[in-house]
file coords_19.cif (mmCIF, C-alpha atoms)
data_query
loop_
_atom_site.label_atom_id
_atom_site.label_comp_id
_atom_site.auth_asym_id
_atom_site.auth_seq_id
_atom_site.Cartn_x
_atom_site.Cartn_y
_atom_site.Cartn_z
CA MET A 1 -30.40 -0.01 -14.30
CA ILE A 2 -33.86 -1.44 -13.73
CA PRO A 3 -34.52 -2.25 -10.10
CA THR A 4 -35.37 -5.81 -9.11
CA VAL A 5 -39.12 -5.90 -8.55
CA GLU A 6 -40.61 -8.52 -6.31
CA GLN A 7 -44.26 -9.14 -5.52
CA VAL A 8 -45.13 -11.01 -2.34
CA ARG A 9 -48.93 -11.12 -2.00
CA ALA A 10 -50.08 -7.48 -1.77
CA MET A 11 -46.58 -6.12 -1.16
CA THR A 12 -44.48 -4.80 -4.02
CA SER A 13 -40.81 -4.30 -3.32
CA LEU A 14 -38.04 -2.68 -5.30
CA LEU A 15 -34.45 -3.71 -4.75
CA VAL A 16 -32.20 -0.94 -6.07
CA GLU A 17 -28.48 -0.29 -6.23
CA ARG A 18 -27.00 2.09 -3.69
CA GLU A 19 -26.01 4.65 -6.33
CA GLU A 20 -29.57 4.84 -7.64
CA LEU A 21 -31.43 4.89 -4.34
CA LEU A 22 -31.72 8.65 -4.03
CA ALA A 23 -32.89 9.12 -7.62
CA VAL A 24 -35.45 6.30 -7.31
CA ALA A 25 -36.74 7.75 -4.02
CA LYS A 26 -37.14 11.21 -5.50
CA PHE A 27 -38.98 9.73 -8.49
CA LEU A 28 -41.32 7.71 -6.26
CA LYS A 29 -42.12 10.82 -4.28
CA THR A 30 -42.62 13.27 -7.13
CA ASP A 31 -44.11 11.22 -9.96
CA PRO A 32 -47.76 12.38 -10.31
CA GLN A 33 -49.05 8.82 -10.65
CA LEU A 34 -47.14 7.49 -7.64
CA GLN A 35 -46.78 10.34 -5.10
CA PHE A 36 -45.30 8.23 -2.32
CA ASP A 37 -45.27 11.14 0.10
CA PHE A 38 -45.00 9.20 3.36
CA CYS A 39 -42.23 6.90 4.60
CA SER A 40 -43.74 4.95 7.45
CA CYS A 41 -40.92 2.64 8.41
CA VAL A 42 -37.18 2.32 8.00
CA THR A 43 -35.48 -0.82 9.19
CA ALA A 44 -32.69 -3.19 8.27
CA VAL A 45 -32.26 -6.92 7.85
CA ASP A 46 -29.01 -8.74 8.52
CA TYR A 47 -28.34 -11.47 5.93
CA LEU A 48 -25.35 -13.09 7.59
CA LYS A 49 -24.85 -15.85 4.99
CA GLN A 50 -25.12 -13.52 1.99
CA ASP A 51 -22.79 -11.09 3.77
CA CYS A 52 -25.07 -8.11 3.33
CA ILE A 53 -27.33 -5.83 5.26
CA GLU A 54 -30.53 -4.76 3.58
CA VAL A 55 -32.17 -1.46 4.48
CA VAL A 56 -35.92 -1.42 3.92
CA TYR A 57 -38.11 1.66 3.51
CA HIS A 58 -41.90 1.28 3.59
CA LEU A 59 -43.69 3.92 1.53
CA TYR A 60 -47.31 5.02 1.35
CA SER A 61 -49.10 7.64 -0.66
CA VAL A 62 -51.44 9.64 1.52
CA ALA A 63 -52.50 11.78 -1.44
CA LEU A 64 -53.50 8.84 -3.67
CA LYS A 65 -54.31 6.41 -0.85
CA HIS A 66 -52.14 3.56 -2.03
CA GLY A 67 -49.25 1.59 -0.66
CA PRO A 68 -47.29 0.25 0.96
CA ILE A 69 -44.36 -0.57 -1.23
CA ALA A 70 -40.96 -1.53 0.08
CA LEU A 71 -37.84 0.15 -1.18
CA LYS A 72 -34.79 -1.95 -0.46
CA VAL A 73 -31.08 -1.39 -0.78
CA ARG A 74 -28.15 -3.62 0.15
CA ALA A 75 -24.73 -2.90 1.61
CA PRO A 76 -21.84 -5.18 2.65
CA ARG A 77 -21.74 -6.21 6.31
CA ALA A 78 -18.22 -4.92 7.03
CA LEU A 79 -18.62 -1.86 9.25
CA ASP A 80 -16.46 0.46 7.15
CA GLN A 81 -18.26 -0.44 3.92
CA CYS A 82 -21.78 -0.62 5.36
CA ARG A 83 -22.98 2.69 3.91
CA VAL A 84 -26.10 3.69 2.02
CA PRO A 85 -27.35 7.15 1.00
CA SER A 86 -29.71 8.72 3.51
CA LEU A 87 -33.29 9.37 2.43
CA THR A 88 -33.86 11.97 5.14
CA PRO A 89 -33.53 14.77 2.54
CA VAL A 90 -36.45 13.17 0.65
CA TRP A 91 -38.69 12.11 3.57
CA ARG A 92 -37.96 14.14 6.71
CA GLY A 93 -39.55 11.43 8.89
CA CYS A 94 -36.69 9.03 8.11
CA GLU A 95 -34.31 10.89 10.38
CA PHE A 96 -34.93 9.06 13.67
CA GLN A 97 -35.58 5.71 12.02
CA GLU A 98 -32.31 5.88 10.13
CA ARG A 99 -30.60 6.70 13.40
CA GLU A 100 -32.19 3.58 14.86
CA ALA A 101 -30.98 1.45 11.95
CA PHE A 102 -27.50 2.92 12.44
CA ASP A 103 -27.63 2.25 16.19
CA LEU A 104 -28.79 -1.35 16.00
CA TYR A 105 -27.32 -2.52 12.66
CA GLY A 106 -24.34 -0.24 12.09
CA VAL A 107 -25.53 1.08 8.72
CA LYS A 108 -24.04 4.49 7.99
CA PHE A 109 -26.36 6.81 6.13
CA ASP A 110 -24.45 9.25 3.91
CA GLY A 111 -26.08 12.66 3.93
CA HIS A 112 -27.93 12.15 7.20
CA PRO A 113 -28.04 15.47 9.09
CA ASP A 114 -27.43 14.06 12.59
CA LEU A 115 -26.30 10.43 12.60
CA ARG A 116 -25.97 9.53 16.30
CA ARG A 117 -27.12 6.57 18.38
CA ILE A 118 -30.74 6.93 19.40
CA LEU A 119 -31.48 3.97 21.71
CA MET A 120 -28.17 2.76 23.11
CA TRP A 121 -25.88 5.09 25.05
CA ASP A 122 -23.23 7.09 23.20
CA GLU A 123 -20.29 5.14 24.65
CA PHE A 124 -21.66 1.85 23.30
CA VAL A 125 -19.62 0.45 20.37
CA ASP A 126 -21.54 -2.67 19.25
CA HIS A 127 -24.59 -2.98 17.02
CA PRO A 128 -26.81 -5.38 18.96
CA MET A 129 -29.29 -6.44 16.26
CA ARG A 130 -26.52 -7.85 14.05
CA LYS A 131 -26.62 -11.62 13.99
CA ASP A 132 -23.00 -11.99 15.07
CA TYR A 133 -23.50 -9.80 18.15
CA VAL A 134 -22.60 -11.54 21.42
CA PRO A 135 -24.43 -10.05 24.42
CA PRO A 136 -22.37 -9.56 27.59
CA SER A 137 -24.62 -12.00 29.47
CA ALA A 138 -23.37 -14.80 27.19
CA MET A 139 -19.79 -13.93 28.20
CA GLU A 140 -20.92 -14.01 31.83
CA ALA A 141 -22.40 -17.49 31.43
CA LYS A 142 -19.05 -18.82 30.17
CA LYS A 143 -17.14 -17.69 33.27
CA MET B 1 -37.49 -7.10 78.40
CA PRO B 2 -40.88 -8.85 78.54
CA VAL B 3 -43.60 -7.22 80.62
CA ASP B 4 -45.85 -9.36 82.80
CA PRO B 5 -48.99 -9.86 80.61
CA ASN B 6 -51.37 -9.63 83.58
CA LEU B 7 -49.86 -6.37 84.71
CA GLN B 8 -49.89 -5.04 81.15
CA SER B 9 -53.56 -5.92 80.72
CA GLU B 10 -54.43 -4.38 84.10
CA LEU B 11 -52.60 -1.15 83.22
CA GLN B 12 -54.26 -1.00 79.79
CA LYS B 13 -57.67 -0.95 81.44
CA GLN B 14 -56.58 2.23 83.18
CA GLY B 15 -55.31 3.74 79.95
CA VAL B 16 -51.62 3.07 80.56
CA PHE B 17 -49.75 1.28 77.79
CA VAL B 18 -46.53 -0.46 78.71
CA MET B 19 -44.28 -1.50 75.86
CA PRO B 20 -40.61 -1.48 74.89
CA VAL B 21 -39.40 1.69 73.19
CA GLU B 22 -38.29 -0.52 70.31
CA PHE B 23 -41.87 -1.64 69.68
CA LEU B 24 -43.16 1.92 69.54
CA TYR B 25 -40.24 3.00 67.36
CA ASN B 26 -40.74 0.16 64.88
CA TRP B 27 -44.52 0.54 64.95
CA SER B 28 -44.19 4.19 64.00
CA ARG B 29 -41.69 3.45 61.25
CA LYS B 30 -43.65 0.62 59.69
CA SER B 31 -46.88 2.63 59.72
CA SER B 32 -45.50 5.47 57.63
CA ILE B 33 -43.32 4.03 54.90
CA TRP B 34 -43.11 6.77 52.31
CA PRO B 35 -42.12 5.55 48.84
CA VAL B 36 -40.20 7.53 46.23
CA GLN B 37 -42.50 8.61 43.47
CA PHE B 38 -41.20 7.14 40.26
CA GLY B 39 -42.18 4.37 37.91
CA LEU B 40 -40.14 2.61 35.26
CA ALA B 41 -42.62 0.63 33.17
CA CYS B 42 -46.01 -1.07 33.15
CA CYS B 43 -45.61 -2.23 36.80
CA ALA B 44 -45.87 1.45 37.69
CA ILE B 45 -49.47 1.36 36.47
CA GLU B 46 -50.20 -1.38 39.00
CA MET B 47 -48.41 0.65 41.65
CA ILE B 48 -50.65 3.61 40.80
CA ALA B 49 -53.68 1.28 41.01
CA ALA B 50 -52.49 0.19 44.45
CA ALA B 51 -52.39 3.83 45.48
CA ALA B 52 -55.84 4.61 44.07
CA ALA B 53 -59.20 4.24 45.79
CA ARG B 54 -59.93 0.57 45.17
CA HIS B 55 -56.77 -0.84 46.75
CA ASP B 56 -55.81 2.24 48.77
CA ILE B 57 -52.24 1.86 49.96
CA ALA B 58 -53.07 4.59 52.52
CA ARG B 59 -54.51 1.84 54.72
CA PHE B 60 -50.89 0.90 55.41
CA GLY B 61 -49.64 4.44 55.82
CA ALA B 62 -47.64 4.35 52.62
CA GLU B 63 -49.68 6.70 50.46
CA VAL B 64 -47.32 9.67 50.70
CA PHE B 65 -45.36 9.21 47.48
CA ARG B 66 -42.49 11.67 47.77
CA ALA B 67 -41.16 13.41 44.71
CA SER B 68 -37.72 13.64 46.31
CA PRO B 69 -35.56 10.71 47.46
CA ARG B 70 -34.44 12.84 50.43
CA GLN B 71 -37.88 12.48 52.01
CA ALA B 72 -38.50 8.82 51.21
CA ASP B 73 -38.05 5.56 53.11
CA LEU B 74 -38.89 3.08 50.41
CA MET B 75 -37.94 2.65 46.79
CA ILE B 76 -40.43 0.64 44.77
CA VAL B 77 -38.55 -0.39 41.63
CA SER B 78 -41.64 -0.82 39.51
CA GLY B 79 -40.69 -2.08 36.10
CA THR B 80 -37.90 -2.80 33.65
CA VAL B 81 -34.56 -1.31 34.63
CA THR B 82 -32.76 -0.62 31.37
CA LYS B 83 -29.01 -0.31 31.39
CA LYS B 84 -29.40 3.36 30.52
CA MET B 85 -31.65 3.88 33.56
CA ALA B 86 -29.68 1.78 36.07
CA PRO B 87 -27.17 4.54 37.04
CA GLN B 88 -30.05 6.89 37.82
CA VAL B 89 -31.82 4.24 39.96
CA VAL B 90 -28.65 3.60 41.99
CA ARG B 91 -28.08 7.34 42.36
CA LEU B 92 -31.64 7.82 43.65
CA TYR B 93 -31.07 5.02 46.16
CA ASN B 94 -27.82 6.65 47.32
CA GLN B 95 -29.66 9.91 47.89
CA MET B 96 -32.26 8.37 50.18
CA PRO B 97 -31.69 8.80 53.93
CA GLU B 98 -31.32 5.75 56.19
CA PRO B 99 -33.23 3.69 57.16
CA LYS B 100 -34.21 2.81 53.60
CA TYR B 101 -35.79 -0.18 51.96
CA VAL B 102 -36.25 -1.48 48.43
CA ILE B 103 -39.10 -3.46 46.90
CA ALA B 104 -38.28 -4.94 43.48
CA MET B 105 -41.64 -5.18 41.76
CA GLY B 106 -42.25 -7.52 38.84
CA ALA B 107 -40.32 -10.00 36.75
CA CYS B 108 -38.13 -7.36 35.08
CA ALA B 109 -37.00 -5.68 38.27
CA ILE B 110 -36.14 -8.95 40.02
CA SER B 111 -34.39 -10.73 37.15
CA GLY B 112 -34.72 -8.98 33.79
CA GLY B 113 -37.89 -10.96 33.11
CA PRO B 114 -38.78 -11.48 29.43
CA PHE B 115 -35.84 -9.22 28.48
CA LYS B 116 -33.24 -11.28 30.34
CA ASP B 117 -31.56 -12.46 27.14
CA GLY B 118 -31.61 -9.01 25.61
CA TYR B 119 -28.81 -6.49 25.35
CA ASN B 120 -30.27 -3.42 27.02
CA VAL B 121 -31.99 -4.58 30.22
CA LEU B 122 -30.41 -4.99 33.63
CA LYS B 123 -30.81 -8.58 34.82
CA GLY B 124 -32.29 -7.70 38.18
CA VAL B 125 -31.93 -4.49 40.16
CA ASP B 126 -30.39 -6.51 43.02
CA ARG B 127 -27.14 -6.46 41.05
CA TYR B 128 -26.52 -2.92 42.29
CA ILE B 129 -28.70 -2.24 45.34
CA PRO B 130 -29.81 -4.46 48.23
CA VAL B 131 -33.44 -5.54 47.74
CA ASP B 132 -35.63 -6.31 50.78
CA VAL B 133 -38.71 -7.77 49.09
CA HIS B 134 -38.98 -9.31 45.62
CA ILE B 135 -42.42 -9.54 43.98
CA PRO B 136 -42.75 -11.92 41.02
CA GLY B 137 -45.46 -11.35 38.42
CA CYS B 138 -45.81 -9.64 35.07
CA PRO B 139 -47.10 -7.28 36.27
CA PRO B 140 -47.94 -8.22 39.87
CA ARG B 141 -51.47 -7.29 40.92
CA PRO B 142 -51.89 -4.44 43.41
CA GLU B 143 -52.66 -7.06 46.08
CA ALA B 144 -49.18 -8.48 45.53
CA LEU B 145 -47.66 -5.05 46.09
CA LEU B 146 -49.70 -4.66 49.27
CA HIS B 147 -48.51 -8.09 50.38
CA ALA B 148 -44.93 -7.00 49.74
CA LEU B 149 -45.54 -3.90 51.81
CA MET B 150 -46.90 -6.03 54.67
CA THR B 151 -43.88 -8.33 54.36
CA LEU B 152 -41.67 -5.28 54.64
CA GLN B 153 -43.65 -4.11 57.69
CA ASP B 154 -43.01 -7.51 59.29
CA LYS B 155 -39.34 -7.13 58.55
CA ILE B 156 -39.25 -3.62 60.04
CA SER B 157 -41.07 -4.69 63.20
CA LYS B 158 -38.46 -7.40 63.75
CA GLN B 159 -35.49 -5.07 63.52
CA HIS B 160 -33.65 -4.19 66.70
CA LEU B 161 -32.55 -0.71 67.64
CA ASN B 162 -29.21 -1.88 69.00
CA GLU B 163 -28.45 -3.81 65.81
CA ALA B 164 -29.65 -1.16 63.37
CA ARG B 165 -27.22 -0.95 60.50
CA TRP B 166 -27.76 2.78 59.98
CA TYR B 167 -26.45 3.68 63.47
CA ASP B 168 -23.09 2.03 62.78
CA LYS B 169 -20.26 4.29 61.77
CA GLY B 170 -19.07 3.79 58.22
CA SER B 171 -22.17 1.92 57.17
CA LEU B 172 -23.57 4.79 55.13
CA ALA B 173 -21.20 4.30 52.22
CA GLU B 174 -22.78 4.94 48.86
CA TYR B 175 -23.24 2.09 46.45
CA THR B 176 -21.24 2.13 43.25
CA VAL B 177 -23.07 3.96 40.48
CA PRO B 178 -22.43 1.96 37.29
CA GLU B 179 -21.20 3.71 34.18
CA CYS B 180 -22.24 3.06 30.61
CA GLY B 181 -19.27 1.27 29.06
CA ALA B 182 -18.35 0.15 25.56
CA HIS B 183 -20.20 -3.17 25.74
CA ASP B 184 -22.07 -3.25 29.06
CA LEU B 185 -22.44 -1.38 32.32
CA GLU B 186 -19.16 -0.97 34.21
CA PRO B 187 -19.04 -2.80 36.55
CA PRO B 188 -21.68 -5.34 35.39
CA PHE B 189 -22.72 -5.86 39.03
CA ASN B 190 -21.72 -4.70 42.48
CA PRO B 191 -19.89 -7.57 44.25
CA GLU B 192 -20.89 -6.05 47.64
CA VAL B 193 -24.53 -6.92 47.07
CA TRP B 194 -24.62 -9.59 44.37
CA GLU B 195 -22.42 -12.31 42.94
CA LEU B 196 -22.61 -14.65 39.97
CA PRO B 197 -24.55 -17.80 40.81
CA LYS B 198 -22.27 -20.75 41.42
CA LYS B 199 -22.58 -23.72 39.09
#
call {"tool": "encode", "arguments": {"input": "coords_19.cif", "output": "structure tokens"}}
result
Amino acid sequence: MIPTVEQVRAMTSLLVEREELLAVAKFLKTDPQLQFDFCSCVTAVDYLKQDCIEVVYHLYSVALKHGPIALKVRAPRALDQCRVPSLTPVWRGCEFQEREAFDLYGVKFDGHPDLRRILMWDEFVDHPMRKDYVPPSAMEAKK
Amino acid sequence: MPVDPNLQSELQKQGVFVMPVEFLYNWSRKSSIWPVQFGLACCAIEMIAAAAARHDIARFGAEVFRASPRQADLMIVSGTVTKKMAPQVVRLYNQMPEPKYVIAMGACAISGGPFKDGYNVLKGVDRYIPVDVHIPGCPPRPEALLHALMTLQDKISKQHLNEARWYDKGSLAEYTVPECGAHDLEPPFNPEVWELPKK
């Protein structure tokens, strides 16, 4: 399937299906004309109304001095279905940033070598950057 | 017991100083307040500036930053107390010997500051430990820290030996160290030192 390509000013973004993410990432990294050898940022966006969470990877090519492009993939919001393939095997630098996206958005990265919380403590169960998260202080204000 | 001022002045001319033991005791304590050496965020930079040559906290006898809570009298909570760090801060306070004092430095330490509506910052360190002096500011200037120190010195010089809390039996109980729970710190505050504001 051809990924959805979007151009916003200087930023090109590719929206791909979950099944194709790994193959697209490997192509972007290895293709001689592209050589996106550096993943600078991994984050997620919570689209509450569309019921999906979008994971965004920002890629640069240090070798060819171009970029960034955004590589995007979407997953349903439900915690048990919110899974995308990990790109840590392709770009090693994704490891901690994928852990952060897991910690704050609850996205599970299949194939990640060490998917633990990175910012919040281990006993914490919520994902605080999700739009439906209710902080404990709000509960306190109601009392 | 007040001393006759004329007699006191006359004795001073001969090199004899008459004063209550309490005055000497408090004067010694307030002139050597040793803080614990730790910083939590950007306020710590201002604390370091207060200790450096330009502002020179040594003028107040508080320059001996101790690397161990066992040797310290004062805890300067300089910066954001995250919920992950709060148990360690309370534990450090518990390990300090009496008499001990706390200065909460900066907006974050006194109330959570700009992170008050967030999910990972303690909304004021006074939820778990008793704070003697609060300094507002983001961050407060070193002068503000020095002012807080002088305020604390005033407080110390007004304390009475026979009312000192740390000589009472059973007053040295440790404060509850919060635990990291599933949604928030457990308990979210220590009711011995803090309670929810009434509406």
call {"tool": "interface_residues", "arguments": {"input": "coords_19.cif", "of": "chain A", "to": "chain B", "cutoff": "6 Å", "atoms": "all atoms listed in the file", "output": "list in words"}}
result
Glu123, Phe124, Val125 and Pro135 of chain A
call {"tool": "write_last_selection", "arguments": {"input": "coords_19.cif", "atoms": "C-alpha atoms", "output": "PDB file, in the frame of the given file"}}
result
ATOM      1  CA  GLU A 123     -20.290   5.140  24.650  1.00  0.00           C
ATOM      2  CA  PHE A 124     -21.660   1.850  23.300  1.00  0.00           C
ATOM      3  CA  VAL A 125     -19.620   0.450  20.370  1.00  0.00           C
ATOM      4  CA  PRO A 135     -24.430 -10.050  24.420  1.00  0.00           C
TER       5      PRO A 135
END
call {"tool": "residues_near_point", "arguments": {"input": "coords_19.cif", "point": "(-40.0, 0.8, 3.9)", "cutoff": "9 Å", "atoms": "only C-alpha atoms", "output": "PyMOL selection string"}}
result
chain A and resi 13+39-43+55-60+68-72
call {"tool": "atom_distance", "arguments": {"input": "coords_19.cif", "atom1": "CA of Phe102 (chain A)", "atom2": "CA of Val73 (chain A)"}}
result
14.4 Å
call {"tool": "residues_around", "arguments": {"input": "coords_19.cif", "residues": "region 137-154 of chain B", "least_positions_apart": "4", "cutoff": "7 Å", "atoms": "only C-alpha atoms", "output": "number ranges by chain"}}
result
B: 30, 43, 46-47, 49-50, 55, 106-107, 133, 158
call {"tool": "resolve_selection", "arguments": {"input": "coords_19.cif", "expression": "the PyMOL selection byres ((chain A and resi 3) around 12)", "output": "PyMOL selection string"}}
result
chain A and resi 1-2+4-6+12-21+23-25+71-73
call {"tool": "atom_distance", "arguments": {"input": "coords_19.cif", "atom1": "CA of Met75 (chain B)", "atom2": "CA of Tyr101 (chain B)"}}
result
6.3 Å
call {"tool": "resolve_selection", "arguments": {"input": "coords_19.cif", "expression": "the PyMOL selection byres ((chain B and resi 33-36) around 7)", "output": "short mmCIF file (atom, residue, chain, number, x, y, z; two decimals) with C-alpha atoms, in the frame of the given file"}}
result
data_model
loop_
_atom_site.label_atom_id
_atom_site.label_comp_id
_atom_site.auth_asym_id
_atom_site.auth_seq_id
_atom_site.Cartn_x
_atom_site.Cartn_y
_atom_site.Cartn_z
CA ARG B 29 -41.69 3.45 61.25
CA LYS B 30 -43.65 0.62 59.69
CA SER B 31 -46.88 2.63 59.72
CA SER B 32 -45.50 5.47 57.63
CA GLN B 37 -42.50 8.61 43.47
CA PHE B 38 -41.20 7.14 40.26
CA GLY B 61 -49.64 4.44 55.82
CA ALA B 62 -47.64 4.35 52.62
CA GLU B 63 -49.68 6.70 50.46
CA VAL B 64 -47.32 9.67 50.70
CA PHE B 65 -45.36 9.21 47.48
CA ARG B 66 -42.49 11.67 47.77
CA ALA B 67 -41.16 13.41 44.71
CA SER B 68 -37.72 13.64 46.31
CA PRO B 69 -35.56 10.71 47.46
CA ALA B 72 -38.50 8.82 51.21
CA ASP B 73 -38.05 5.56 53.11
CA LEU B 74 -38.89 3.08 50.41
CA MET B 75 -37.94 2.65 46.79
CA ILE B 76 -40.43 0.64 44.77
#
call {"tool": "axis_aligned_box", "arguments": {"input": "coords_19.cif", "around": "region 89-97 of chain A", "padding_each_side": "4 Å", "output": "AutoDock Vina command-line options"}}
result
--center_x -36.5 --center_y 10.2 --center_z 7.2 --size_x 14.0 --size_y 17.1 --size_z 21.0
call {"tool": "residues_around", "arguments": {"input": "coords_19.cif", "residues": "Val84 (chain A)", "least_positions_apart": "4", "cutoff": "7 Å", "atoms": "only C-alpha atoms", "output": "NGL selection string"}}
result
:A and (18 or 75 or 108-110)
call {"tool": "atom_distance", "arguments": {"input": "coords_19.cif", "atom1": "CA of Trp194 (chain B)", "atom2": "CA of Asp168 (chain B)"}}
result
21.8 Å
call {"tool": "resolve_selection", "arguments": {"input": "coords_19.cif", "expression": "the PyMOL selection byres ((chain B and resi 2) around 9)", "output": "JSON, numbers by chain"}}
result
{"B": [1, 3, 4, 5, 19, 20]}
call {"tool": "residues_around", "arguments": {"input": "coords_19.cif", "residues": "region 87-90 of chain B", "least_positions_apart": "5", "cutoff": "12 Å", "atoms": "all atoms listed in the file", "output": "PyMOL selection string"}}
result
chain B and resi 36+38-40+69+75-82+95-96+102+104+109+122+125-131+174-181+185-190
call {"tool": "decode", "arguments": {"input": "coords_19.cif", "residues": "region 19-77 of chain A", "atoms": "C-alpha atoms", "output": "PDB file, in the first residue's frame"}}
result
ATOM      1  CA  GLU A  19       2.085  -3.696   9.301  1.00  0.00           C
ATOM      2  CA  GLU A  20       4.262  -1.740   6.877  1.00  0.00           C
ATOM      3  CA  LEU A  21       6.051   0.509   9.345  1.00  0.00           C
ATOM      4  CA  LEU A  22       9.118  -1.648   9.815  1.00  0.00           C
ATOM      5  CA  ALA A  23       9.597  -2.227   6.084  1.00  0.00           C
ATOM      6  CA  VAL A  24       9.156   1.487   5.303  1.00  0.00           C
ATOM      7  CA  ALA A  25      11.621   2.425   8.060  1.00  0.00           C
ATOM      8  CA  LYS A  26      14.229  -0.007   6.781  1.00  0.00           C
ATOM      9  CA  PHE A  27      13.776   1.337   3.245  1.00  0.00           C
ATOM     10  CA  LEU A  28      14.124   4.958   4.404  1.00  0.00           C
ATOM     11  CA  LYS A  29      17.313   4.075   6.211  1.00  0.00           C
ATOM     12  CA  THR A  30      18.987   1.967   3.548  1.00  0.00           C
ATOM     13  CA  ASP A  31      17.905   3.488   0.236  1.00  0.00           C
ATOM     14  CA  PRO A  32      21.038   5.157  -1.244  1.00  0.00           C
ATOM     15  CA  GLN A  33      19.118   8.279  -2.252  1.00  0.00           C
ATOM     16  CA  LEU A  34      17.414   8.727   1.121  1.00  0.00           C
ATOM     17  CA  GLN A  35      19.772   7.379   3.828  1.00  0.00           C
ATOM     18  CA  PHE A  36      17.717   8.571   6.790  1.00  0.00           C
ATOM     19  CA  ASP A  37      20.301   7.370   9.274  1.00  0.00           C
ATOM     20  CA  PHE A  38      19.231   9.433  12.290  1.00  0.00           C
ATOM     21  CA  CYS A  39      15.947   9.383  14.223  1.00  0.00           C
ATOM     22  CA  SER A  40      15.926  12.565  16.245  1.00  0.00           C
ATOM     23  CA  CYS A  41      12.560  12.407  17.935  1.00  0.00           C
ATOM     24  CA  VAL A  42       9.872   9.898  18.796  1.00  0.00           C
ATOM     25  CA  THR A  43       6.630  11.131  20.260  1.00  0.00           C
ATOM     26  CA  ALA A  44       2.916  10.464  20.168  1.00  0.00           C
ATOM     27  CA  VAL A  45      -0.238  12.477  19.649  1.00  0.00           C
ATOM     28  CA  ASP A  46      -3.561  11.610  21.246  1.00  0.00           C
ATOM     29  CA  TYR A  47      -6.484  12.150  18.849  1.00  0.00           C
ATOM     30  CA  LEU A  48      -9.316  11.627  21.299  1.00  0.00           C
ATOM     31  CA  LYS A  49     -12.161  12.301  18.835  1.00  0.00           C
ATOM     32  CA  GLN A  50     -10.750  10.064  16.092  1.00  0.00           C
ATOM     33  CA  ASP A  51     -10.093   7.394  18.730  1.00  0.00           C
ATOM     34  CA  CYS A  52      -6.476   6.895  17.758  1.00  0.00           C
ATOM     35  CA  ILE A  53      -2.990   7.555  18.974  1.00  0.00           C
ATOM     36  CA  GLU A  54      -0.441   8.576  16.391  1.00  0.00           C
ATOM     37  CA  VAL A  55       3.240   7.825  16.913  1.00  0.00           C
ATOM     38  CA  VAL A  56       5.554  10.241  15.116  1.00  0.00           C
ATOM     39  CA  TYR A  57       9.197   9.628  14.220  1.00  0.00           C
ATOM     40  CA  HIS A  58      11.336  12.526  12.975  1.00  0.00           C
ATOM     41  CA  LEU A  59      14.100  11.426  10.634  1.00  0.00           C
ATOM     42  CA  TYR A  60      17.199  13.168   9.319  1.00  0.00           C
ATOM     43  CA  SER A  61      19.968  12.093   7.013  1.00  0.00           C
ATOM     44  CA  VAL A  62      23.336  13.066   8.406  1.00  0.00           C
ATOM     45  CA  ALA A  63      25.111  11.508   5.427  1.00  0.00           C
ATOM     46  CA  LEU A  64      23.149  13.452   2.792  1.00  0.00           C
ATOM     47  CA  LYS A  65      22.313  16.460   4.981  1.00  0.00           C
ATOM     48  CA  HIS A  66      18.586  16.450   4.404  1.00  0.00           C
ATOM     49  CA  GLY A  67      15.504  16.147   6.531  1.00  0.00           C
ATOM     50  CA  PRO A  68      13.530  16.155   8.615  1.00  0.00           C
ATOM     51  CA  ILE A  69      10.676  13.995   7.488  1.00  0.00           C
ATOM     52  CA  ALA A  70       8.017  12.651   9.809  1.00  0.00           C
ATOM     53  CA  LEU A  71       7.091   9.009   9.797  1.00  0.00           C
ATOM     54  CA  LYS A  72       3.686   8.483  11.356  1.00  0.00           C
ATOM     55  CA  VAL A  73       1.703   5.442  12.350  1.00  0.00           C
ATOM     56  CA  ARG A  74      -1.677   5.143  14.054  1.00  0.00           C
ATOM     57  CA  ALA A  75      -3.060   2.736  16.638  1.00  0.00           C
ATOM     58  CA  PRO A  76      -6.429   2.535  18.426  1.00  0.00           C
ATOM     59  CA  ARG A  77      -6.648   4.245  21.824  1.00  0.00           C
TER      60      ARG A  77
END
